[in-house]
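First comes the structure, then the notes that go with it.
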Amino acid sequence: RKVELEANISRMEYLKEKAQVELDKAMPFVASAIEELNYITKKDIADLKNNKKPVDIVRYTFDALQILMQKPVVQVKSAEATIAKVERSFIEDSFDEHSSKELTNIDFLRNLHHFSEHEKDNINDETVELLEPYLRFDTSELKHWGPWEHRVCDQEIAAKASGAARGLCGLVNHLVNYQ
């Protein structure tokens, strides 16, 4: 009986060490996500609230955020979109129907911080899969199936449109990598 208990203790210590190694690899992504949020100012959010027709990169960034947080988006159908002055067919965005309402919440930034710190473990494989059209990019033409020559939610392109979109793109990317 004592040998069996010692074997169980040894196995549990091994599993604990293995879990700690995985956690240590993942936590920098959370820190980076929170750092991205810290770049977003109240002025950035106010600018987005006042912009009645945000550009498509901003709209898709908010779609990615909606999906990440497992909030509603519109039913999938094709629509034309322009990112970095290149028009392509993609997915209709949900900004007018859903994301714009999120921006009116006075606690929008605080809610994002709370999600990043306390609800990030709710991000599952299905959520990550749903985000692939927004985040996937491969330089190999055989592996890249997106409509543009970059990620739909490209942080550098988003930065040209909005400081908030830049930070939100980073947040989504880092939390997906955390998962």
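In the structure tokens, the first chain shown is A, the next is B, and so on; residue numbers restart at 1 for each chain, and ligands run from 1 in the order shown.
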Test item, helix (DSSP H, G or I) assignment across segment 17-145 of chain A, answer as a PyMOL selection string: chain A and resi 17-39+42-50+56-68+95-103+108-122+125-135
Generate a file of the selected residues that holds C-alpha atoms, formatted as a compact mmCIF listing (two decimals), in the first residue's frame.
# COMPACT_ATOMS: atom_id res chain seq x y z
CA GLU A 17 5.66 19.96 -12.99
CA LYS A 18 4.46 19.29 -16.54
CA ALA A 19 1.43 21.57 -16.05
CA GLN A 20 3.65 24.30 -14.61
CA VAL A 21 5.92 24.14 -17.68
CA GLU A 22 2.89 24.59 -19.97
CA LEU A 23 1.56 27.44 -17.84
CA ASP A 24 4.96 29.16 -17.87
CA LYS A 25 4.94 29.00 -21.68
CA ALA A 26 1.41 30.44 -21.92
CA MET A 27 1.50 33.27 -19.38
CA PRO A 28 3.65 35.65 -21.46
CA PHE A 29 0.80 35.73 -23.99
CA VAL A 30 -1.58 36.93 -21.27
CA ALA A 31 0.89 39.60 -20.18
CA SER A 32 1.23 40.73 -23.79
CA ALA A 33 -2.56 40.83 -24.22
CA ILE A 34 -2.94 43.03 -21.15
CA GLU A 35 -0.09 45.23 -22.38
CA GLU A 36 -1.98 45.69 -25.67
CA LEU A 37 -5.05 46.82 -23.72
CA ASN A 38 -2.94 49.37 -21.90
CA TYR A 39 -2.16 51.03 -25.25
CA LYS A 42 -10.26 56.52 -23.61
CA LYS A 43 -9.79 58.92 -26.53
CA ASP A 44 -9.31 55.90 -28.88
CA ILE A 45 -12.61 54.47 -27.67
CA ALA A 46 -14.35 57.85 -27.96
CA ASP A 47 -13.08 58.19 -31.54
CA LEU A 48 -14.54 54.78 -32.39
CA LYS A 49 -17.87 55.64 -30.76
CA ASN A 50 -18.07 58.83 -32.81
CA ASP A 56 -13.39 47.35 -42.54
CA ILE A 57 -10.23 46.47 -40.56
CA VAL A 58 -11.83 48.05 -37.48
CA ARG A 59 -15.10 46.22 -38.12
CA TYR A 60 -13.34 42.86 -38.49
CA THR A 61 -11.20 43.48 -35.43
CA PHE A 62 -14.38 43.88 -33.43
CA ASP A 63 -15.81 40.71 -35.00
CA ALA A 64 -12.73 38.84 -33.86
CA LEU A 65 -13.17 40.28 -30.38
CA GLN A 66 -16.85 39.25 -30.33
CA ILE A 67 -15.90 35.70 -31.32
CA LEU A 68 -13.04 35.54 -28.81
CA PHE A 95 -20.16 45.82 -36.24
CA ASP A 96 -23.48 47.62 -36.72
CA GLU A 97 -25.59 44.84 -35.20
CA HIS A 98 -23.39 43.85 -32.23
CA SER A 99 -19.97 45.44 -31.75
CA SER A 100 -21.11 49.06 -31.86
CA LYS A 101 -23.33 48.29 -28.86
CA GLU A 102 -20.29 47.00 -26.94
CA LEU A 103 -18.59 50.36 -27.46
CA PHE A 108 -15.85 48.46 -22.20
CA LEU A 109 -12.12 48.65 -21.41
CA ARG A 110 -12.57 47.39 -17.86
CA ASN A 111 -14.57 44.43 -19.19
CA LEU A 112 -11.76 43.61 -21.63
CA HIS A 113 -9.24 43.67 -18.78
CA HIS A 114 -11.50 41.43 -16.71
CA PHE A 115 -11.88 38.99 -19.59
CA SER A 116 -8.13 38.92 -20.23
CA GLU A 117 -7.31 38.30 -16.59
CA HIS A 118 -10.20 36.13 -15.39
CA GLU A 119 -12.12 34.63 -18.30
CA LYS A 120 -9.33 33.79 -20.76
CA ASP A 121 -9.59 30.10 -19.86
CA ASN A 122 -13.04 30.02 -21.49
CA ASP A 125 -10.57 25.06 -29.56
CA GLU A 126 -13.87 25.86 -31.27
CA THR A 127 -13.43 29.57 -30.59
CA VAL A 128 -9.90 29.46 -32.00
CA GLU A 129 -11.19 27.65 -35.08
CA LEU A 130 -13.87 30.29 -35.61
CA LEU A 131 -11.15 32.96 -35.49
CA GLU A 132 -8.99 31.32 -38.16
CA PRO A 133 -10.39 33.35 -41.08
CA TYR A 134 -9.40 36.53 -39.21
CA LEU A 135 -6.00 35.46 -37.90
Those of segment 12-126 of chain A in DSSP strand (DSSP E), formatted as a list in words: Ser78, Ala79, Glu80, Ala81, Thr82, Ile83, Val86, Glu87, Arg88, Ser89, Phe90 and Ile91 of chain A
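For the residues A:Ala81, A:Val74, A:Ile40, A:Val55, ranking by smallest atom-to-atom distance to Gly170 of chain A using only C-alpha atoms places A:Ile40 first.
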Between atom CA of Ile83 of chain A and atom CA of Glu156 of chain A - distance in Å to one decimal: 11.7 Å
Nearest to Cys169 of chain A by atom-to-atom distance, counting only C-alpha atoms, from A:Lys52, A:Tyr14, A:Cys153, A:Ala84: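 Using only C-alpha atoms, Cys169 of chain A sits closest to A:Cys153.
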For Val152 of chain A, the nearest of the candidates A:Met12, A:Ile91, A:Val73, A:Ala7, counting only C-alpha atoms: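 Going through A:Met12, A:Ile91, A:Val73, A:Ala7 one by one, the smallest distance to Val152 of chain A is for A:Ile91.
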Coordinates-based distance that separates atom CA of Arg151 of chain A from atom CA of Met69 of chain A (Å, one decimal):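 Between these atoms lies a distance of 19.6 Å.
Between atom CA of Phe90 of chain A and atom CA of Ala158 of chain A the separation is 16.9 Å.
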Residue nearest Ala165 of chain A among A:Ser89, A:Gln70, A:Thr41, A:Asn177 (counting only C-alpha atoms):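 Counting only C-alpha atoms, the residue closest to Ala165 of chain A is A:Thr41.
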